[in-house]
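K.L.:
Provided herewith: run_12.txt, compact mmCIF, C-alpha atoms.
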```txt
# COMPACT_ATOMS: atom_id res chain seq x y z
CA MET L 1 -28.15 -45.34 11.05
CA SER L 2 -27.44 -45.01 14.76
CA GLU L 3 -24.73 -47.67 14.49
CA PHE L 4 -23.16 -45.69 11.65
CA LEU L 5 -23.16 -42.51 13.76
CA ARG L 6 -21.65 -44.30 16.75
CA ASP L 7 -18.36 -44.61 14.90
CA PRO L 8 -16.20 -41.87 16.52
CA VAL L 9 -14.60 -40.75 13.26
CA VAL L 10 -17.91 -40.55 11.41
CA PHE L 11 -19.69 -38.76 14.24
CA THR L 12 -16.85 -36.28 14.75
CA THR L 13 -16.58 -35.54 11.02
CA LEU L 14 -20.32 -34.97 10.60
CA ALA L 15 -20.43 -32.85 13.76
CA THR L 16 -17.55 -30.69 12.51
CA LEU L 17 -19.34 -30.09 9.21
CA LEU L 18 -22.52 -29.27 11.11
CA GLY L 19 -20.53 -26.84 13.23
CA LEU L 20 -19.35 -25.00 10.12
CA PHE L 21 -22.92 -24.31 8.98
CA VAL L 22 -24.11 -23.48 12.50
CA GLY L 23 -21.16 -21.08 12.77
CA SER L 24 -22.39 -19.33 9.63
CA PHE L 25 -25.82 -18.96 11.25
CA LEU L 26 -24.23 -17.73 14.49
CA ASN L 27 -22.65 -14.89 12.51
CA VAL L 28 -26.20 -13.81 11.67
CA VAL L 29 -27.27 -14.12 15.31
CA ILE L 30 -24.26 -12.11 16.52
CA HIS L 31 -24.96 -9.32 14.06
CA ARG L 32 -28.76 -9.18 14.16
CA LEU L 33 -29.86 -10.11 17.67
CA PRO L 34 -28.56 -6.89 19.30
CA LYS L 35 -30.24 -4.84 16.55
CA MET L 36 -33.50 -6.75 17.10
CA MET L 37 -33.26 -6.00 20.83
CA GLU L 38 -32.64 -2.32 20.12
CA ARG L 39 -35.71 -2.17 17.87
CA GLU L 40 -37.80 -3.80 20.57
CA TRP L 41 -36.58 -1.30 23.19
CA HIS L 42 -37.45 1.64 20.93
CA ALA L 43 -40.91 0.18 20.30
CA GLN L 44 -41.50 -0.31 24.03
CA ALA L 45 -40.33 3.23 24.79
CA ALA L 46 -42.64 4.66 22.12
CA GLU L 47 -45.55 2.65 23.54
CA LEU L 48 -44.89 3.95 27.05
CA ARG L 49 -44.86 7.52 25.72
CA ASP L 50 -48.10 6.89 23.79
CA GLU L 51 -46.29 7.63 20.56
CA PRO L 52 -46.99 5.83 17.29
CA ILE L 53 -44.58 2.99 16.60
CA PRO L 54 -42.90 3.68 13.25
CA GLU L 55 -43.42 1.05 10.58
CA ARG L 56 -40.24 -0.65 9.48
CA GLU L 57 -39.38 -3.48 7.15
CA PRO L 58 -39.29 -6.87 8.91
CA PHE L 59 -35.96 -7.51 10.58
CA ASN L 60 -35.24 -10.82 12.28
CA LEU L 61 -32.87 -13.76 12.00
CA ALA L 62 -34.43 -14.84 8.68
CA THR L 63 -35.45 -11.55 7.05
CA PRO L 64 -34.03 -9.73 5.13
CA ARG L 65 -31.48 -11.82 3.26
CA SER L 66 -27.85 -11.23 4.13
CA ARG L 67 -26.27 -8.45 2.12
CA CYS L 68 -23.02 -6.54 1.81
CA PRO L 69 -23.04 -3.67 4.35
CA HIS L 70 -21.15 -1.45 1.87
CA CYS L 71 -23.10 -1.79 -1.40
CA GLY L 72 -26.23 -3.72 -0.39
CA HIS L 73 -25.46 -6.66 -2.69
CA GLN L 74 -27.52 -9.69 -1.63
CA ILE L 75 -25.36 -12.65 -0.70
CA THR L 76 -26.11 -15.64 -2.94
CA ALA L 77 -26.11 -19.26 -1.78
CA LEU L 78 -22.76 -19.91 -3.47
CA GLU L 79 -21.27 -16.88 -1.68
CA ASN L 80 -22.52 -18.16 1.67
CA ILE L 81 -20.68 -21.48 1.94
CA PRO L 82 -18.85 -21.41 5.30
CA VAL L 83 -15.11 -20.59 5.00
CA VAL L 84 -14.96 -21.83 1.38
CA SER L 85 -16.75 -18.78 -0.04
CA TYR L 86 -14.55 -16.45 1.99
CA LEU L 87 -11.42 -18.09 0.58
CA ILE L 88 -12.71 -18.11 -3.01
CA LEU L 89 -13.74 -14.46 -2.77
CA ARG L 90 -10.41 -13.67 -1.08
CA GLY L 91 -12.23 -11.91 1.71
CA ARG L 92 -13.94 -9.36 -0.54
CA CYS L 93 -17.47 -8.66 -1.76
CA SER L 94 -18.02 -10.04 -5.27
CA HIS L 95 -19.88 -6.87 -6.28
CA CYS L 96 -17.97 -3.92 -4.82
CA ALA L 97 -14.74 -5.62 -3.68
CA ALA L 98 -15.13 -4.20 -0.15
CA SER L 99 -13.28 -6.15 2.52
CA ILE L 100 -15.25 -8.82 4.43
CA SER L 101 -14.47 -9.04 8.13
CA ARG L 102 -12.28 -11.96 9.18
CA ARG L 103 -14.71 -12.40 12.05
CA TYR L 104 -16.98 -14.51 9.82
CA PRO L 105 -14.58 -17.37 9.06
CA ILE L 106 -13.14 -17.19 12.58
CA VAL L 107 -16.59 -17.79 14.10
CA GLU L 108 -17.27 -20.60 11.63
CA VAL L 109 -13.96 -22.38 12.27
CA LEU L 110 -14.21 -21.90 16.04
CA THR L 111 -17.74 -23.30 16.11
CA ALA L 112 -16.76 -26.23 13.89
CA GLY L 113 -13.74 -27.05 16.05
CA LEU L 114 -15.67 -26.95 19.33
CA THR L 115 -18.55 -28.97 17.87
CA GLY L 116 -16.21 -31.60 16.49
CA TYR L 117 -14.33 -31.86 19.77
CA ALA L 118 -17.60 -32.17 21.70
CA ALA L 119 -18.56 -35.09 19.45
CA TRP L 120 -15.20 -36.77 19.99
CA HIS L 121 -15.16 -36.08 23.74
CA PHE L 122 -18.69 -37.29 24.59
CA GLY L 123 -19.42 -39.73 21.77
CA TYR L 124 -22.79 -40.28 20.14
CA GLY L 125 -25.63 -39.53 22.56
CA ALA L 126 -27.53 -36.90 24.52
CA ALA L 127 -24.39 -35.54 26.21
CA ALA L 128 -22.82 -34.65 22.86
CA LEU L 129 -26.00 -33.08 21.49
CA GLY L 130 -26.35 -31.02 24.63
CA ALA L 131 -22.70 -30.00 24.42
CA PHE L 132 -23.30 -28.78 20.86
CA CYS L 133 -26.02 -26.42 22.10
CA PHE L 134 -23.82 -25.29 25.00
CA VAL L 135 -20.81 -24.36 22.88
CA TRP L 136 -22.97 -22.73 20.18
CA ALA L 137 -24.60 -20.49 22.77
CA MET L 138 -21.22 -19.65 24.29
CA VAL L 139 -19.74 -18.66 20.92
CA ALA L 140 -22.72 -16.41 20.13
CA MET L 141 -22.69 -14.73 23.55
CA THR L 142 -18.93 -14.22 23.46
CA PHE L 143 -19.00 -12.15 20.30
CA ILE L 144 -22.23 -10.33 21.15
CA ASP L 145 -20.74 -9.27 24.47
CA LEU L 146 -17.50 -8.18 22.80
CA ASP L 147 -19.48 -6.03 20.36
CA THR L 148 -22.19 -4.60 22.60
CA GLN L 149 -21.43 -5.55 26.24
CA LEU L 150 -24.80 -7.31 26.30
CA LEU L 151 -25.69 -10.89 27.19
CA PRO L 152 -29.24 -11.31 25.85
CA ASP L 153 -31.85 -12.98 28.04
CA SER L 154 -33.05 -14.74 24.90
CA LEU L 155 -29.79 -16.76 25.04
CA THR L 156 -28.88 -16.99 28.74
CA LEU L 157 -32.29 -18.02 30.08
CA PRO L 158 -33.06 -20.80 27.54
CA LEU L 159 -29.52 -22.10 28.11
CA LEU L 160 -30.16 -22.24 31.86
CA TRP L 161 -33.45 -24.11 31.49
CA LEU L 162 -32.03 -26.50 28.88
CA GLY L 163 -29.22 -27.40 31.27
CA LEU L 164 -31.71 -28.22 34.03
CA ALA L 165 -33.85 -30.20 31.57
CA LEU L 166 -30.91 -32.31 30.41
CA ASN L 167 -29.90 -33.00 33.99
CA LEU L 168 -33.35 -34.39 34.78
CA GLY L 169 -31.72 -37.58 33.48
CA SER L 170 -28.31 -36.76 35.06
CA THR L 171 -26.76 -36.17 31.64
CA TYR L 172 -23.88 -34.21 33.17
CA VAL L 173 -24.63 -34.07 36.91
CA GLU L 174 -27.45 -35.01 39.23
CA LEU L 175 -30.44 -32.66 39.13
CA SER L 176 -29.91 -31.50 42.72
CA ASN L 177 -26.35 -30.43 41.87
CA ALA L 178 -27.64 -28.60 38.79
CA VAL L 179 -30.32 -26.71 40.72
CA ILE L 180 -27.85 -25.71 43.44
CA GLY L 181 -25.38 -24.76 40.69
CA ALA L 182 -27.90 -22.44 39.04
CA MET L 183 -28.74 -20.74 42.33
CA ALA L 184 -25.14 -20.50 43.50
CA GLY L 185 -23.94 -19.26 40.11
CA TYR L 186 -26.42 -16.39 40.07
CA LEU L 187 -26.10 -15.44 43.73
CA SER L 188 -22.29 -15.53 43.80
CA LEU L 189 -21.86 -12.84 41.13
CA TRP L 190 -24.95 -11.00 42.38
CA SER L 191 -23.25 -10.75 45.78
CA VAL L 192 -19.99 -9.53 44.25
CA PHE L 193 -21.94 -6.97 42.22
CA TRP L 194 -23.63 -5.47 45.26
CA LEU L 195 -20.52 -5.60 47.44
CA PHE L 196 -18.58 -3.72 44.76
CA LYS L 197 -21.41 -1.22 44.26
CA LEU L 198 -21.84 -0.51 47.97
CA THR L 199 -18.08 -0.13 48.36
CA THR L 200 -17.30 2.00 45.30
CA GLY L 201 -20.66 3.35 44.16
CA LYS L 202 -20.06 1.80 40.71
CA GLU L 203 -21.47 -1.21 38.93
CA GLY L 204 -18.70 -3.73 38.28
CA MET L 205 -20.63 -6.08 35.97
CA GLY L 206 -23.98 -6.58 34.29
CA TYR L 207 -26.91 -8.80 35.24
CA GLY L 208 -26.28 -10.90 32.14
CA ASP L 209 -23.08 -12.19 33.77
CA PHE L 210 -25.11 -13.51 36.73
CA LYS L 211 -27.44 -15.37 34.39
CA LEU L 212 -24.60 -16.79 32.32
CA LEU L 213 -22.85 -18.22 35.39
CA ALA L 214 -26.20 -19.56 36.59
CA ALA L 215 -26.53 -21.35 33.24
CA VAL L 216 -23.05 -22.87 33.64
CA GLY L 217 -24.06 -24.08 37.11
CA ALA L 218 -27.29 -25.55 35.73
CA TRP L 219 -25.32 -27.56 33.16
CA LEU L 220 -22.26 -28.60 35.14
CA GLY L 221 -23.32 -28.41 38.78
CA TRP L 222 -22.12 -26.30 41.65
CA GLN L 223 -18.81 -28.19 41.85
CA MET L 224 -17.61 -26.54 38.62
CA LEU L 225 -18.37 -22.98 39.73
CA PRO L 226 -15.11 -22.32 41.65
CA LEU L 227 -13.06 -23.40 38.61
CA THR L 228 -15.22 -21.31 36.27
CA ILE L 229 -14.99 -18.19 38.43
CA LEU L 230 -11.26 -18.62 39.06
CA PHE L 231 -10.35 -19.18 35.41
CA SER L 232 -12.58 -16.40 34.05
CA SER L 233 -11.32 -13.92 36.65
CA LEU L 234 -7.68 -14.81 36.00
CA VAL L 235 -7.95 -14.54 32.22
CA GLY L 236 -10.11 -11.41 32.49
CA ALA L 237 -7.59 -9.72 34.77
CA LEU L 238 -4.66 -10.58 32.50
CA ALA L 239 -6.59 -9.40 29.43
CA GLY L 240 -7.54 -6.16 31.18
CA ILE L 241 -3.95 -5.46 32.20
CA GLY L 242 -2.78 -6.20 28.68
CA LEU L 243 -5.36 -3.86 27.14
CA ILE L 244 -4.41 -1.06 29.51
CA ALA L 245 -0.66 -1.59 29.09
CA PHE L 246 -0.41 -2.25 25.36
CA ALA L 247 -3.62 -1.06 23.73
CA ARG L 248 -4.02 2.15 25.73
CA HIS L 249 -7.42 0.99 26.94
CA GLY L 250 -8.76 3.54 29.42
CA ARG L 251 -9.01 2.35 33.02
CA ASN L 252 -12.58 3.64 33.22
CA VAL L 253 -13.67 1.95 29.98
CA PRO L 254 -15.62 -1.24 30.86
CA ILE L 255 -14.34 -4.62 29.67
CA PRO L 256 -16.96 -7.31 28.96
CA PHE L 257 -16.71 -10.25 31.36
CA GLY L 258 -19.01 -12.58 29.40
CA PRO L 259 -16.34 -13.89 26.98
CA TYR L 260 -14.17 -15.03 29.90
CA LEU L 261 -17.12 -16.71 31.63
CA ALA L 262 -18.00 -18.42 28.34
CA ALA L 263 -14.43 -19.65 27.81
CA ALA L 264 -14.27 -20.90 31.40
CA GLY L 265 -17.62 -22.65 30.96
CA VAL L 266 -16.38 -24.50 27.87
CA LEU L 267 -13.16 -25.42 29.72
CA ALA L 268 -15.22 -26.79 32.61
CA LEU L 269 -17.51 -28.71 30.23
CA PHE L 270 -14.62 -30.60 28.63
CA TRP L 271 -11.91 -30.78 31.29
CA GLY L 272 -13.40 -29.43 34.53
CA LYS L 273 -13.56 -32.74 36.37
CA ARG L 274 -10.04 -33.72 35.27
CA ILE L 275 -8.60 -30.35 36.34
CA THR L 276 -10.40 -30.52 39.69
CA ASP L 277 -9.21 -34.09 40.31
CA LEU L 278 -5.61 -33.13 39.49
CA TYR L 279 -5.83 -30.14 41.83
CA LEU L 280 -7.24 -32.22 44.68
CA ALA L 281 -4.64 -34.94 44.07
CA THR L 282 -1.87 -32.45 44.84
CA PHE L 283 -3.17 -32.30 48.42
```
Let me see the file written as structure tokens.

P.N.:
Amino acid sequence: MSEFLRDPVVFTTLATLLGLFVGSFLNVVIHRLPKMMEREWHAQAAELRDEPIPEREPFNLATPRSRCPHCGHQITALENIPVVSYLILRGRCSHCAASISRRYPIVEVLTAGLTGYAAWHFGYGAAALGAFCFVWAMVAMTFIDLDTQLLPDSLTLPLLWLGLALNLGSTYVELSNAVIGAMAGYLSLWSVFWLFKLTTGKEGMGYGDFKLLAAVGAWLGWQMLPLTILFSSLVGALAGIGLIAFARHGRNVPIPFGPYLAAAGVLALFWGKRITDLYLATF
């Protein structure tokens, strides 16, 4: 079986199909995880105030079954096939004909594409399996941050520890580079945060950004941090200017930084060393 999977075409094809189904699950994570966090915060607040915690129906990543937000129609298995069901239903609920967000197939196709490329890039082995987890987490955090401006600890912290665990065997970098990368990733943005706050009296970013960059450092080592910070800052600045200039986005309205960090992390995972080598070769 392992010999069968070592064939690049077979492994890439199977990984792409896996990515489609994982992308469908990530849509659930993106939608439900922030709501689960909000429920937990309300329960903690009620407990601190010595108030009774209201009983609610179970709500997690598995319960209740997915349903149409407009009419409550439960999504059947045949209506939940990644991308295919969306195309067959023409982007509408089969019960009430309400429009289904294009976000769902976009997340599925994006996840499938990144998973397939990770399989092709790394080949069969631990590096590819780790890369799958990395890109899946980045996709989930990108869209959660876009929706809520939150980067959940339940995603950033396991990602950080998984990166260190994989690098116990130097899967991507030596363990010492990974540990320094985690520390430097967190402290670099932490320092920028406090410098900006002491200078302006405002908070320029959230603590989730520190943890996300620490996770990137834990996976890819401290050498990839300059590229990650530079690319994410450049794209973030251009996106911010574009939103202000063309979308009438208020200057005082915060823009999530997590999606740009996530995109830069994926760039560094696949092409970071090549980009760095080309840059150094110019000197």

K.L.:
Using only C-alpha atoms, which of L:Met138, L:Leu225, L:Ile255, L:Leu195 sits nearest L:Ala268?

P.N.:
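Going through L:Met138, L:Leu225, L:Ile255, L:Leu195 one by one, the smallest distance to L:Ala268 is for L:Leu225.
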
K.L.:
With 8 Å of padding per side, what axis-aligned box (centre and edge lengths, Å, one decimal) covers all the listed atoms of stretch 79-86 of chain L? Give it as lines of an AutoDock Vina configuration file.

P.N.:
```
center_x = -18.5
center_y = -19.1
center_z = 1.8
size_x = 24.0
size_y = 21.4
size_z = 23.0
```

K.L.:
Work out how far atom CA of L:Gly23 is from atom CA of L:Thr111, in Å to one decimal.

P.N.:
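Computing the Euclidean distance for atom CA of L:Thr111 and atom CA of L:Gly23 yields 5.3 Å.
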
K.L.:
Give me the residues within 8 Å of stretch 207-214 of chain L as a ChimeraX atom specification, counting all atoms listed in the file and dropping any in the same chain fewer than 2 places off.

P.N.:
/L:150-153,156-157,160,181-190,205,216-218,225,257-258,261-262

K.L.:
Residues within 10 Å of L:Ala140, please, as a PyMOL selection string. Count only C-alpha atoms; anything in the same chain fewer than 5 positions from it doesn't count.

P.N.:
chain L and resi 23+25-31+33+107+111+135+145+151+155+259+262

K.L.:
Restricting the calculation to all atoms listed in the file: of L:Lys202, L:Arg56, L:Arg65, L:Arg102, which residue gets closest to L:Val83?

P.N.:
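Of L:Lys202, L:Arg56, L:Arg65, L:Arg102, the one nearest L:Val83 is L:Arg102, counting all atoms listed in the file.
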
K.L.:
Is it possible to get the residues within 12 Å of (-22.0, -15.1, 1.3) (coordinates as in the file, counting all atoms listed in the file) written as a PyMOL selection string?

P.N.:
chain L and resi 24-25+27-28+65-69+73-95+100-101+104-105

K.L.:
Could you state the separation of atom CA of L:Ala43 and atom CA of L:Leu146 in Å, given to one decimal place?

P.N.:
25.0 Å

K.L.:
With all atoms listed in the file as the atoms that count, which of L:Gly240, L:Met36, L:Pro254, L:Ile144 lies nearest to L:Gly206?

P.N.:
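Counting all atoms listed in the file, the residue closest to L:Gly206 is L:Pro254.
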
K.L.:
Have a look at L:Leu110, L:Glu40, L:Thr142, L:Ile241 and name the one nearest to L:Asn60; count all atoms listed in the file.

P.N.:
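Ranking L:Leu110, L:Glu40, L:Thr142, L:Ile241 by distance to L:Asn60, first place goes to L:Glu40.
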
K.L.:
Between atom CA of L:Glu38 and atom CA of L:Cys133, what is the distance, to one decimal in Å?

P.N.:
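Answer for the atom CA of L:Glu38 to atom CA of L:Cys133 separation: 25.1 Å.
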
K.L.:
Using all atoms listed in the file, pick whichever of L:Thr148, L:Trp219, L:Thr276, L:Phe196 has the shortest atom-to-atom distance to L:Leu164.

P.N.:
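Ranking L:Thr148, L:Trp219, L:Thr276, L:Phe196 by distance to L:Leu164, first place goes to L:Trp219.
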